[in-house]
$ cat final32.pdb   # PDB, C-alpha atoms and all ligand atoms
ATOM      1  CA  MET A 253      95.042  94.123  80.375
ATOM      2  CA  LYS A 254      93.330  95.389  83.532
ATOM      3  CA  HIS A 255      91.067  98.429  83.202
ATOM      4  CA  VAL A 256      91.692 100.702  86.180
ATOM      5  CA  LEU A 257      90.488 104.033  87.510
ATOM      6  CA  ILE A 258      92.856 105.787  89.932
ATOM      7  CA  ASP A 259      91.406 107.988  92.694
ATOM      8  CA  THR A 260      94.166 110.160  94.112
ATOM      9  CA  ASP A 261      94.993 113.046  96.453
ATOM     10  CA  ALA A 262      98.001 113.691  94.170
ATOM     11  CA  GLY A 263     100.813 113.980  96.614
ATOM     12  CA  VAL A 264     104.342 112.832  95.918
ATOM     13  CA  ASP A 265     103.910 109.093  96.375
ATOM     14  CA  ASP A 266     100.689 109.349  94.371
ATOM     15  CA  ALA A 267     102.772 110.880  91.566
ATOM     16  CA  LEU A 268     105.234 107.978  91.721
ATOM     17  CA  ALA A 269     102.301 105.547  91.681
ATOM     18  CA  ILE A 270     100.781 107.252  88.641
ATOM     19  CA  LEU A 271     104.169 107.115  86.874
ATOM     20  CA  LEU A 272     104.256 103.363  87.562
ATOM     21  CA  ALA A 273     100.688 102.859  86.344
ATOM     22  CA  LEU A 274     101.252 104.893  83.166
ATOM     23  CA  SER A 275     104.431 102.903  82.435
ATOM     24  CA  SER A 276     102.834  99.468  82.862
ATOM     25  CA  ARG A 277     101.290  97.697  79.888
ATOM     26  CA  GLU A 278      99.269  95.510  82.238
ATOM     27  CA  LEU A 279      97.071  98.482  83.124
ATOM     28  CA  ALA A 280      94.688 100.491  80.967
ATOM     29  CA  ILE A 281      94.042 103.698  82.902
ATOM     30  CA  GLU A 282      90.435 104.621  82.078
ATOM     31  CA  GLY A 283      90.593 107.745  84.185
ATOM     32  CA  ILE A 284      92.033 109.599  87.143
ATOM     33  CA  ALA A 285      89.797 111.186  89.805
ATOM     34  CA  THR A 286      91.116 113.691  92.298
ATOM     35  CA  VAL A 287      90.190 114.140  95.953
ATOM     36  CA  ALA A 288      91.298 116.516  98.707
ATOM     37  CA  GLY A 289      93.776 114.937 101.083
ATOM     38  CA  ASN A 290      97.528 115.497 100.927
ATOM     39  CA  ILE A 291      96.645 118.864  99.415
ATOM     40  CA  ASP A 292      93.459 120.759  98.503
ATOM     41  CA  VAL A 293      91.595 119.357  95.509
ATOM     42  CA  GLU A 294      92.473 122.323  93.265
ATOM     43  CA  HIS A 295      96.178 121.564  93.680
ATOM     44  CA  ALA A 296      95.547 117.804  93.508
ATOM     45  CA  THR A 297      93.800 118.256  90.170
ATOM     46  CA  ALA A 298      96.475 120.560  88.782
ATOM     47  CA  ASN A 299      99.099 118.077  89.984
ATOM     48  CA  VAL A 300      97.576 115.193  88.027
ATOM     49  CA  LEU A 301      97.596 117.330  84.875
ATOM     50  CA  THR A 302     101.246 118.256  85.536
ATOM     51  CA  ILE A 303     102.207 114.600  86.024
ATOM     52  CA  LEU A 304     100.498 113.671  82.742
ATOM     53  CA  ASP A 305     102.288 116.539  80.951
ATOM     54  CA  ALA A 306     105.624 115.343  82.368
ATOM     55  CA  VAL A 307     105.119 111.703  81.353
ATOM     56  CA  PHE A 308     103.240 112.397  78.121
ATOM     57  CA  PRO A 309     101.608 108.927  77.924
ATOM     58  CA  PRO A 310     100.594 107.603  74.474
ATOM     59  CA  ILE A 311      96.967 107.540  75.677
ATOM     60  CA  ARG A 312      96.191 110.424  78.052
ATOM     61  CA  PRO A 313      93.625 109.426  80.696
ATOM     62  CA  SER A 314      90.627 111.663  81.396
ATOM     63  CA  VAL A 315      90.806 113.585  84.664
ATOM     64  CA  ALA A 316      87.826 114.390  86.906
ATOM     65  CA  ARG A 317      87.870 116.815  89.820
ATOM     66  CA  GLY A 318      86.500 115.441  93.082
ATOM     67  CA  ALA A 319      85.591 116.199  96.655
ATOM     68  CA  GLU A 320      86.882 119.389  98.258
ATOM     69  CA  ARG A 321      86.439 118.023 101.784
ATOM     70  CA  PRO A 322      85.585 114.838 103.690
ATOM     71  CA  LEU A 323      81.968 113.741 104.122
ATOM     72  CA  ASN A 324      81.420 115.007 107.656
ATOM     73  CA  ARG A 325      84.530 116.691 108.984
ATOM     74  CA  PRO A 326      87.004 119.465 108.133
ATOM     75  CA  LEU A 327      89.822 118.715 105.710
ATOM     76  CA  VAL A 328      93.250 117.842 107.101
ATOM     77  CA  THR A 329      96.119 118.179 104.599
ATOM     78  CA  ALA A 330      99.832 117.263 104.644
ATOM     79  CA  ALA A 331     101.759 120.057 102.924
ATOM     80  CA  HIS A 332     104.569 119.561 105.459
ATOM     81  CA  VAL A 333     105.073 116.110 103.943
ATOM     82  CA  HIS A 334     104.352 116.723 100.262
ATOM     83  CA  GLY A 335     105.173 120.440  99.819
ATOM     84  CA  GLU A 336     102.988 123.530  99.476
ATOM     85  CA  ASP A 337     101.902 122.430  95.984
ATOM     86  CA  GLY A 338     101.595 118.768  96.991
ATOM     87  CA  LEU A 339     104.255 117.783  94.426
ATOM     88  CA  GLY A 340     107.403 118.500  96.413
ATOM     89  CA  ASN A 341     107.287 122.158  95.291
ATOM     90  CA  ILE A 342     108.373 121.262  91.752
ATOM     91  CA  THR A 343     106.128 124.044  90.454
ATOM     92  CA  THR A 344     108.826 126.471  91.697
ATOM     93  CA  LEU A 345     111.603 124.805  89.639
ATOM     94  CA  ARG A 346     113.027 126.870  86.753
ATOM     95  CA  ARG A 347     115.004 125.968  83.645
ATOM     96  CA  PRO A 348     118.314 127.778  82.933
ATOM     97  CA  ASP A 349     116.408 130.334  80.823
ATOM     98  CA  GLY A 350     114.165 131.067  83.839
ATOM     99  CA  SER A 351     111.059 129.379  82.408
ATOM    100  CA  PRO A 352     109.076 127.002  84.632
ATOM    101  CA  LYS A 353     110.426 123.458  84.411
ATOM    102  CA  TYR A 354     106.900 122.157  85.072
ATOM    103  CA  PRO A 355     104.475 124.823  83.768
ATOM    104  CA  SER A 356     100.753 124.751  84.538
ATOM    105  CA  SER A 357      98.971 122.372  82.202
ATOM    106  CA  ARG A 358      96.844 123.564  79.300
ATOM    107  CA  HIS A 359      94.808 120.356  79.436
ATOM    108  CA  GLY A 360      91.287 120.336  80.827
ATOM    109  CA  LEU A 361      89.035 118.073  82.831
ATOM    110  CA  VAL A 362      85.968 116.029  82.026
ATOM    111  CA  SER A 363      82.753 117.875  82.832
ATOM    112  CA  LEU A 364      81.584 115.214  85.301
ATOM    113  CA  GLY A 365      82.538 115.431  88.957
ATOM    114  CA  ALA A 366      84.656 112.551  90.256
ATOM    115  CA  ALA A 367      81.802 110.582  91.858
ATOM    116  CA  GLU A 368      79.700 110.668  88.668
ATOM    117  CA  PHE A 369      82.814 109.906  86.601
ATOM    118  CA  ILE A 370      83.530 106.837  88.748
ATOM    119  CA  ILE A 371      79.915 105.663  88.372
ATOM    120  CA  ASP A 372      80.149 106.194  84.607
ATOM    121  CA  GLU A 373      83.301 104.092  84.306
ATOM    122  CA  VAL A 374      81.835 101.313  86.476
ATOM    123  CA  ARG A 375      78.708 101.398  84.288
ATOM    124  CA  LYS A 376      80.923 101.016  81.171
ATOM    125  CA  HIS A 377      83.279  98.331  82.425
ATOM    126  CA  GLY A 378      81.427  96.595  85.292
ATOM    127  CA  PRO A 379      83.484  93.751  86.797
ATOM    128  CA  GLY A 380      86.230  94.574  84.302
ATOM    129  CA  LEU A 381      87.082  97.754  86.227
ATOM    130  CA  THR A 382      89.391  97.975  89.239
ATOM    131  CA  LEU A 383      89.275 101.110  91.378
ATOM    132  CA  ILE A 384      92.670 101.966  92.888
ATOM    133  CA  THR A 385      92.258 104.508  95.712
ATOM    134  CA  LEU A 386      95.373 106.370  96.826
ATOM    135  CA  GLY A 387      93.735 109.054  98.992
ATOM    136  CA  PRO A 388      90.787 109.571 101.310
ATOM    137  CA  LEU A 389      87.747 107.572 100.151
ATOM    138  CA  THR A 390      85.349 110.499  99.875
ATOM    139  CA  ASN A 391      84.708 110.207  96.114
ATOM    140  CA  VAL A 392      84.046 106.466  96.236
ATOM    141  CA  ALA A 393      81.695 106.834  99.208
ATOM    142  CA  GLU A 394      79.800 109.547  97.314
ATOM    143  CA  ALA A 395      79.589 107.330  94.208
ATOM    144  CA  ILE A 396      78.116 104.533  96.335
ATOM    145  CA  ARG A 397      75.621 106.941  97.896
ATOM    146  CA  LEU A 398      74.532 108.246  94.486
ATOM    147  CA  ASN A 399      74.264 104.886  92.690
ATOM    148  CA  PRO A 400      74.833 101.776  94.829
ATOM    149  CA  GLU A 401      73.358  99.454  92.189
ATOM    150  CA  THR A 402      75.940 100.425  89.578
ATOM    151  CA  MET A 403      78.802 100.561  92.076
ATOM    152  CA  ARG A 404      78.036  96.981  93.162
ATOM    153  CA  ARG A 405      79.189  95.906  89.691
ATOM    154  CA  VAL A 406      82.821  97.063  90.179
ATOM    155  CA  GLY A 407      85.431  94.316  89.836
ATOM    156  CA  GLU A 408      87.569  95.260  92.869
ATOM    157  CA  ILE A 409      88.542  98.240  94.984
ATOM    158  CA  ILE A 410      92.226  98.290  95.957
ATOM    159  CA  ILE A 411      92.665 100.733  98.836
ATOM    160  CA  MET A 412      95.881 102.265 100.128
ATOM    161  CA  GLY A 413      95.035 102.871 103.766
ATOM    162  CA  GLY A 414      94.867 101.678 107.320
ATOM    163  CA  ALA A 415      97.240 100.383 109.982
ATOM    164  CA  PHE A 416      96.541  97.134 111.811
ATOM    165  CA  ARG A 417      99.602  95.796 113.641
ATOM    166  CA  THR A 418     101.658  98.969 113.357
ATOM    167  CA  TYR A 419     101.260 102.568 114.513
ATOM    168  CA  GLY A 420      99.392 105.098 112.428
ATOM    169  CA  ASN A 421     101.230 107.915 110.642
ATOM    170  CA  THR A 422      98.716 110.672 111.423
ATOM    171  CA  SER A 423      97.632 109.692 114.933
ATOM    172  CA  PRO A 424      99.095 106.874 117.029
ATOM    173  CA  VAL A 425      96.438 104.545 115.611
ATOM    174  CA  ALA A 426      95.295 106.057 112.278
ATOM    175  CA  GLU A 427      96.781 106.156 108.793
ATOM    176  CA  PHE A 428      96.299 109.420 106.854
ATOM    177  CA  ASN A 429      93.825 108.374 104.114
ATOM    178  CA  ILE A 430      91.485 106.796 106.667
ATOM    179  CA  PHE A 431      92.075 109.510 109.299
ATOM    180  CA  VAL A 432      91.036 112.281 106.883
ATOM    181  CA  ASP A 433      87.672 110.674 106.072
ATOM    182  CA  PRO A 434      86.865 107.757 108.390
ATOM    183  CA  ASP A 435      83.141 108.003 107.596
ATOM    184  CA  ALA A 436      83.850 107.384 103.907
ATOM    185  CA  ALA A 437      86.215 104.512 104.713
ATOM    186  CA  ALA A 438      83.614 102.943 107.028
ATOM    187  CA  ARG A 439      81.125 103.042 104.132
ATOM    188  CA  ILE A 440      83.533 101.348 101.743
ATOM    189  CA  VAL A 441      84.665  98.488 104.021
ATOM    190  CA  GLU A 442      80.992  97.607 104.610
ATOM    191  CA  PHE A 443      80.093  97.821 100.887
ATOM    192  CA  ASP A 444      79.721  94.305  99.484
ATOM    193  CA  VAL A 445      82.234  94.270  96.616
ATOM    194  CA  PRO A 446      85.669  92.595  96.342
ATOM    195  CA  LYS A 447      88.244  94.838  98.000
ATOM    196  CA  THR A 448      91.807  94.710  99.241
ATOM    197  CA  VAL A 449      93.264  97.074 101.832
ATOM    198  CA  VAL A 450      96.984  97.847 101.501
ATOM    199  CA  PRO A 451      97.971  99.251 104.943
ATOM    200  CA  LEU A 452     101.062 100.816 106.479
ATOM    201  CA  ASP A 453     101.890  97.339 107.814
ATOM    202  CA  VAL A 454     103.214  96.548 104.328
ATOM    203  CA  THR A 455     103.763  99.951 102.669
ATOM    204  CA  GLU A 456     106.223 101.072 105.358
ATOM    205  CA  GLN A 457     108.383  98.091 104.419
ATOM    206  CA  VAL A 458     108.815  99.489 100.884
ATOM    207  CA  ILE A 459     111.426 102.261 100.848
ATOM    208  CA  LEU A 460     112.922 104.066  97.868
ATOM    209  CA  THR A 461     116.305 105.362  99.012
ATOM    210  CA  ARG A 462     117.777 108.568  97.600
ATOM    211  CA  THR A 463     120.979 106.647  96.879
ATOM    212  CA  GLU A 464     119.210 104.087  94.723
ATOM    213  CA  LEU A 465     117.259 106.768  92.864
ATOM    214  CA  GLU A 466     120.446 108.789  92.207
ATOM    215  CA  CYS A 467     122.290 105.658  91.017
ATOM    216  CA  ARG A 468     119.446 104.693  88.684
ATOM    217  CA  TYR A 469     119.309 108.250  87.313
ATOM    218  CA  ALA A 470     123.101 108.413  86.850
ATOM    219  CA  SER A 471     123.013 105.302  84.663
ATOM    220  CA  ASN A 472     119.821 106.364  82.875
ATOM    221  CA  PRO A 473     119.233 110.148  82.955
ATOM    222  CA  SER A 474     115.757 109.862  81.354
ATOM    223  CA  PRO A 475     113.077 112.579  81.598
ATOM    224  CA  ILE A 476     110.843 110.298  83.704
ATOM    225  CA  LEU A 477     113.640 109.633  86.222
ATOM    226  CA  ASP A 478     114.489 113.349  86.204
ATOM    227  CA  PHE A 479     110.850 114.037  87.109
ATOM    228  CA  THR A 480     111.018 111.306  89.770
ATOM    229  CA  ARG A 481     114.079 112.954  91.365
ATOM    230  CA  ASP A 482     112.511 116.414  91.233
ATOM    231  CA  VAL A 483     109.158 115.349  92.695
ATOM    232  CA  SER A 484     110.539 113.137  95.482
ATOM    233  CA  SER A 485     113.309 115.364  96.883
ATOM    234  CA  PHE A 486     111.153 117.320  99.392
ATOM    235  CA  TYR A 487     109.269 114.127 100.399
ATOM    236  CA  MET A 488     112.601 112.362 101.019
ATOM    237  CA  ASP A 489     113.795 115.310 103.093
ATOM    238  CA  PHE A 490     110.695 114.867 105.277
ATOM    239  CA  HIS A 491     111.465 111.182 105.835
ATOM    240  CA  ARG A 492     115.138 111.955 106.521
ATOM    241  CA  ASP A 493     114.192 114.530 109.162
ATOM    242  CA  ASN A 494     111.276 112.615 110.692
ATOM    243  CA  ASP A 495     111.735 108.904 110.087
ATOM    244  CA  GLY A 496     115.502 108.603 110.195
ATOM    245  CA  PHE A 497     116.246 107.388 106.684
ATOM    246  CA  ASP A 498     117.198 109.206 103.472
ATOM    247  CA  GLY A 499     114.456 108.024 101.180
ATOM    248  CA  CYS A 500     110.683 107.673 101.180
ATOM    249  CA  TYR A 501     107.924 105.233 101.889
ATOM    250  CA  MET A 502     106.305 103.937  98.689
ATOM    251  CA  HIS A 503     102.731 103.717 100.002
ATOM    252  CA  ASP A 504     100.875 104.399  96.743
ATOM    253  CA  PRO A 505     103.347 102.732  94.343
ATOM    254  CA  THR A 506     103.059  99.520  96.410
ATOM    255  CA  THR A 507      99.283  99.677  95.928
ATOM    256  CA  VAL A 508      99.607 100.097  92.151
ATOM    257  CA  ALA A 509     102.253  97.339  92.068
ATOM    258  CA  PHE A 510      99.638  94.990  93.568
ATOM    259  CA  ALA A 511      97.223  95.878  90.774
ATOM    260  CA  ILE A 512      99.964  94.941  88.286
ATOM    261  CA  ASP A 513     101.215  91.776  90.039
ATOM    262  CA  ARG A 514      99.183  90.445  92.977
ATOM    263  CA  SER A 515     102.073  88.216  94.058
ATOM    264  CA  VAL A 516     104.000  91.197  95.497
ATOM    265  CA  LEU A 517     101.643  91.147  98.502
ATOM    266  CA  MET A 518     100.329  88.422 100.785
ATOM    267  CA  THR A 519      96.726  89.028 101.873
ATOM    268  CA  VAL A 520      94.356  87.462 104.378
ATOM    269  CA  PRO A 521      90.551  87.676 104.641
ATOM    270  CA  ALA A 522      89.383  89.867 107.529
ATOM    271  CA  GLU A 523      86.451  91.659 109.087
ATOM    272  CA  VAL A 524      87.552  95.298 109.059
ATOM    273  CA  HIS A 525      85.776  98.150 110.808
ATOM    274  CA  VAL A 526      86.703 101.825 110.899
ATOM    275  CA  GLU A 527      86.417 103.779 114.138
ATOM    276  CA  CYS A 528      84.551 107.039 113.463
ATOM    277  CA  LYS A 529      83.616 108.233 116.947
ATOM    278  CA  GLY A 530      86.706 107.830 119.101
ATOM    279  CA  GLU A 531      88.170 111.008 120.564
ATOM    280  CA  TYR A 532      91.659 109.507 120.285
ATOM    281  CA  THR A 533      90.986 106.659 117.845
ATOM    282  CA  ALA A 534      89.007 108.180 114.954
ATOM    283  CA  GLY A 535      90.345 106.706 111.694
ATOM    284  CA  MET A 536      91.615 103.511 113.316
ATOM    285  CA  THR A 537      91.165 100.363 111.210
ATOM    286  CA  VAL A 538      90.096  97.534 113.466
ATOM    287  CA  ALA A 539      90.476  93.823 112.633
ATOM    288  CA  ASP A 540      91.638  90.614 114.313
ATOM    289  CA  LEU A 541      94.338  89.291 111.960
ATOM    290  CA  ARG A 542      95.551  86.455 114.185
ATOM    291  CA  PRO A 543      95.874  83.318 111.993
ATOM    292  CA  GLU A 544      94.486  81.181 114.816
ATOM    293  CA  ARG A 545      91.289  83.273 114.744
ATOM    294  CA  ALA A 546      90.791  82.829 110.991
ATOM    295  CA  GLY A 547      87.224  81.842 110.129
ATOM    296  CA  ARG A 548      85.692  83.269 113.312
ATOM    297  CA  TYR A 549      84.738  86.552 111.670
ATOM    298  CA  ARG A 550      82.540  87.790 108.852
ATOM    299  CA  THR A 551      84.999  88.635 106.048
ATOM    300  CA  ASN A 552      84.398  92.008 104.353
ATOM    301  CA  THR A 553      87.818  92.628 102.812
ATOM    302  CA  GLU A 554      91.252  91.199 102.130
ATOM    303  CA  VAL A 555      94.080  92.846 104.077
ATOM    304  CA  ALA A 556      97.702  92.804 102.914
ATOM    305  CA  VAL A 557      99.926  91.461 105.705
ATOM    306  CA  GLY A 558     103.130  90.692 103.807
ATOM    307  CA  VAL A 559     105.119  92.295 100.968
ATOM    308  CA  ASP A 560     108.102  91.465  98.765
ATOM    309  CA  ALA A 561     109.524  94.989  99.054
ATOM    310  CA  GLY A 562     112.446  94.317  96.732
ATOM    311  CA  ARG A 563     110.133  93.214  93.974
ATOM    312  CA  VAL A 564     108.017  96.347  94.308
ATOM    313  CA  ILE A 565     111.087  98.573  93.894
ATOM    314  CA  ASP A 566     112.366  96.434  90.997
ATOM    315  CA  LEU A 567     108.949  96.615  89.335
ATOM    316  CA  PHE A 568     108.919 100.402  89.779
ATOM    317  CA  PHE A 569     112.266 100.907  88.082
ATOM    318  CA  SER A 570     111.842  98.192  85.450
ATOM    319  CA  ARG A 571     108.670  99.889  84.244
ATOM    320  CA  LEU A 572     109.999 103.479  84.420
ATOM    321  CA  LEU A 573     113.240 102.526  82.669
ATOM    322  CA  ALA A 574     111.250 100.868  79.892
ATOM    323  CA  CYS A 575     109.630 104.235  79.066
TER     324      CYS A 575
HETATM  325  O1  LIG B 601      99.340 107.338 104.675
HETATM  326  C1  LIG B 601      99.893 107.378 103.386
HETATM  327  C2  LIG B 601      98.852 107.756 102.380
HETATM  328  O2  LIG B 601      98.312 109.054 102.695
HETATM  329  C3  LIG B 601      99.429 107.899 100.964
HETATM  330  O3  LIG B 601      98.423 107.621 100.032
HETATM  331  C4  LIG B 601      99.806 109.342 100.924
HETATM  332  O4  LIG B 601      99.870 109.848  99.580
HETATM  333  C5  LIG B 601      98.649 109.969 101.669
HETATM  334  O5  LIG B 601      97.547 110.112 100.759
HETATM  335 CA    CA B 602      97.921 109.364  98.386
END

$ encode --input "final32.pdb" --output "structure tokens" --more "lines below"
Ligand code: RIB
Ligand code: CA
Amino acid sequence: MKHVLIDTDAGVDDALAILLALSSRELAIEGIATVAGNIDVEHATANVLTILDAVFPPIRPSVARGAERPLNRPLVTAAHVHGEDGLGNITTLRRPDGSPKYPSSRHGLVSLGAAEFIIDEVRKHGPGLTLITLGPLTNVAEAIRLNPETMRRVGEIIIMGGAFRTYGNTSPVAEFNIFVDPDAAARIVEFDVPKTVVPLDVTEQVILTRTELECRYASNPSPILDFTRDVSSFYMDFHRDNDGFDGCYMHDPTTVAFAIDRSVLMTVPAEVHVECKGEYTAGMTVADLRPERAGRYRTNTEVAVGVDAGRVIDLFFSRLLAC
């Protein structure tokens, strides 16, 4: 059993990742921290509570509200990708009697802010805790600033972010989570703890098609797959209209899949830096990943360079169907 804390900007693929985590016995979710990114942190926090209400896990993780904006720059969000509510606009869905299909949650939050909550969980679990970050790294950077000694005890940070040998998805060279808060990301890659970066290079190879989701639902019309269909429809429309396929990239679920089964990704040691000053390159993740240059650099993180995409999708459905 791996004790994990998920830090999320609670967009659609975050929701799918949280479904996967909640459905996997390998993971004990000690908490969920929210951060502004795909959507403002108020919506991100409400979204996590909605996801938990929809899945109704046997043990409900604590939720902590996090940073409203990046460390040193204005917030950039992605409602055009994830919907006005960040969850594919499922908060507008109604049941036949007109009642909300996904009503606002009655559950509350822990009193600690996300950074303090993260520190608290690292203090409790030390090297037994894995941080899985699915959004901008603002909360984790703040936790390191507040208490570097405790944060140095964390077991591993698994980071969805970056683009090395592929284009960015927010600028030509920058992936969204890093683009939104490059200063925070720069702090984390230089922080001396075990970490693995899961970049677009691998996550854009993992696609959930609408056809597969509809087929899986048709043969197993479970509440969790109904939620999955509802939450991913708008996000799939975006990919259909912008990326040319009727489905969606599984950025965050691929990252959680790695926490469950490390063999789904192939990683290499690298010296990663984050560009924070470039007029056109802010948010770029910079590393020389050429095998023939291995050993020439000072390693500060592992970078995923290969993925068994089929296994990630199979893992996703095998866990959700077991619910
Ligand atoms: O670039 C993809 C990442 O940015 C995903 O985590 C997505 O949810 C957004 O946060
Ligand atoms: Ca995310």

$ residues_around --input "final32.pdb" --residues "region 356-373 of chain A" --least-positions-apart "2" --cutoff "6 Å" --atoms "only C-alpha atoms" --output "ChimeraX atom specification"
/A:285,301-302,315-318,375-376,391,394-395

$ atom_distance --input "final32.pdb" --atom1 "CA of Thr260 (chain A)" --atom2 "CA of Asn290 (chain A)"
9.3 Å

$ resolve_selection --input "final32.pdb" --expression "the PyMOL selection byres (((not hetatm)) within 8 of (chain B and resi 601))" --output "ChimeraX atom specification"
/A:260-266,289-290,330,386-388,412-414,421-422,427-429,452,503-504

$ residues_around --input "final32.pdb" --residues "Val374 (chain A)" --least-positions-apart "6" --cutoff "7 Å" --atoms "only C-alpha atoms" --output "number ranges by chain"
A: 381, 402-403, 405-406

$ atom_distance --input "final32.pdb" --atom1 "CA of Glu278 (chain A)" --atom2 "CA of Ala511 (chain A)"
8.8 Å

$ closest_residue --input "final32.pdb" --among "A:Thr480, A:Thr286, A:Ser485, A:Ser474" --to "ligand CA 602 (chain B)" --atoms "all atoms listed in the file"
A:Thr286

$ decode --input "final32.pdb" --residues "region 362-373 of chain A" --atoms "N, CA, C and O atoms" --output "CSV table (one decimal), in the first residue's frame"
chain,number,residue,atom,x,y,z
A,362,VAL,N,-10.5,20.6,5.3
A,362,VAL,CA,-9.7,20.7,6.5
A,362,VAL,C,-9.4,22.2,6.7
A,362,VAL,O,-9.4,23.0,5.8
A,363,SER,N,-9.0,22.6,7.9
A,363,SER,CA,-8.8,24.0,8.2
A,363,SER,C,-7.5,24.5,7.7
A,363,SER,O,-7.3,25.7,7.4
A,364,LEU,N,-6.5,23.5,7.5
A,364,LEU,CA,-5.2,23.9,7.0
A,364,LEU,C,-5.3,24.3,5.6
A,364,LEU,O,-6.1,23.7,4.8
A,365,GLY,N,-4.5,25.3,5.2
A,365,GLY,CA,-4.3,25.5,3.7
A,365,GLY,C,-3.5,24.4,3.1
A,365,GLY,O,-2.9,23.6,3.9
A,366,ALA,N,-3.4,24.3,1.8
A,366,ALA,CA,-2.8,23.1,1.1
A,366,ALA,C,-1.4,23.0,1.5
A,366,ALA,O,-0.9,21.9,1.8
A,367,ALA,N,-0.6,24.1,1.5
A,367,ALA,CA,0.8,24.0,1.8
A,367,ALA,C,1.1,23.4,3.2
A,367,ALA,O,1.9,22.4,3.3
A,368,GLU,N,0.4,23.9,4.2
A,368,GLU,CA,0.5,23.4,5.5
A,368,GLU,C,0.0,21.9,5.6
A,368,GLU,O,0.6,21.1,6.3
A,369,PHE,N,-1.0,21.6,4.9
A,369,PHE,CA,-1.6,20.3,4.9
A,369,PHE,C,-0.5,19.3,4.3
A,369,PHE,O,-0.3,18.2,4.9
A,370,ILE,N,0.1,19.7,3.2
A,370,ILE,CA,1.1,18.9,2.6
A,370,ILE,C,2.3,18.6,3.6
A,370,ILE,O,2.7,17.5,3.8
A,371,ILE,N,2.7,19.7,4.2
A,371,ILE,CA,3.8,19.6,5.2
A,371,ILE,C,3.4,18.6,6.4
A,371,ILE,O,4.2,17.7,6.8
A,372,ASP,N,2.1,18.8,6.8
A,372,ASP,CA,1.6,17.9,7.9
A,372,ASP,C,1.7,16.4,7.5
A,372,ASP,O,2.1,15.6,8.3
A,373,GLU,N,1.3,16.1,6.3
A,373,GLU,CA,1.2,14.7,5.8
A,373,GLU,C,2.6,14.2,5.6
A,373,GLU,O,2.9,13.0,5.9
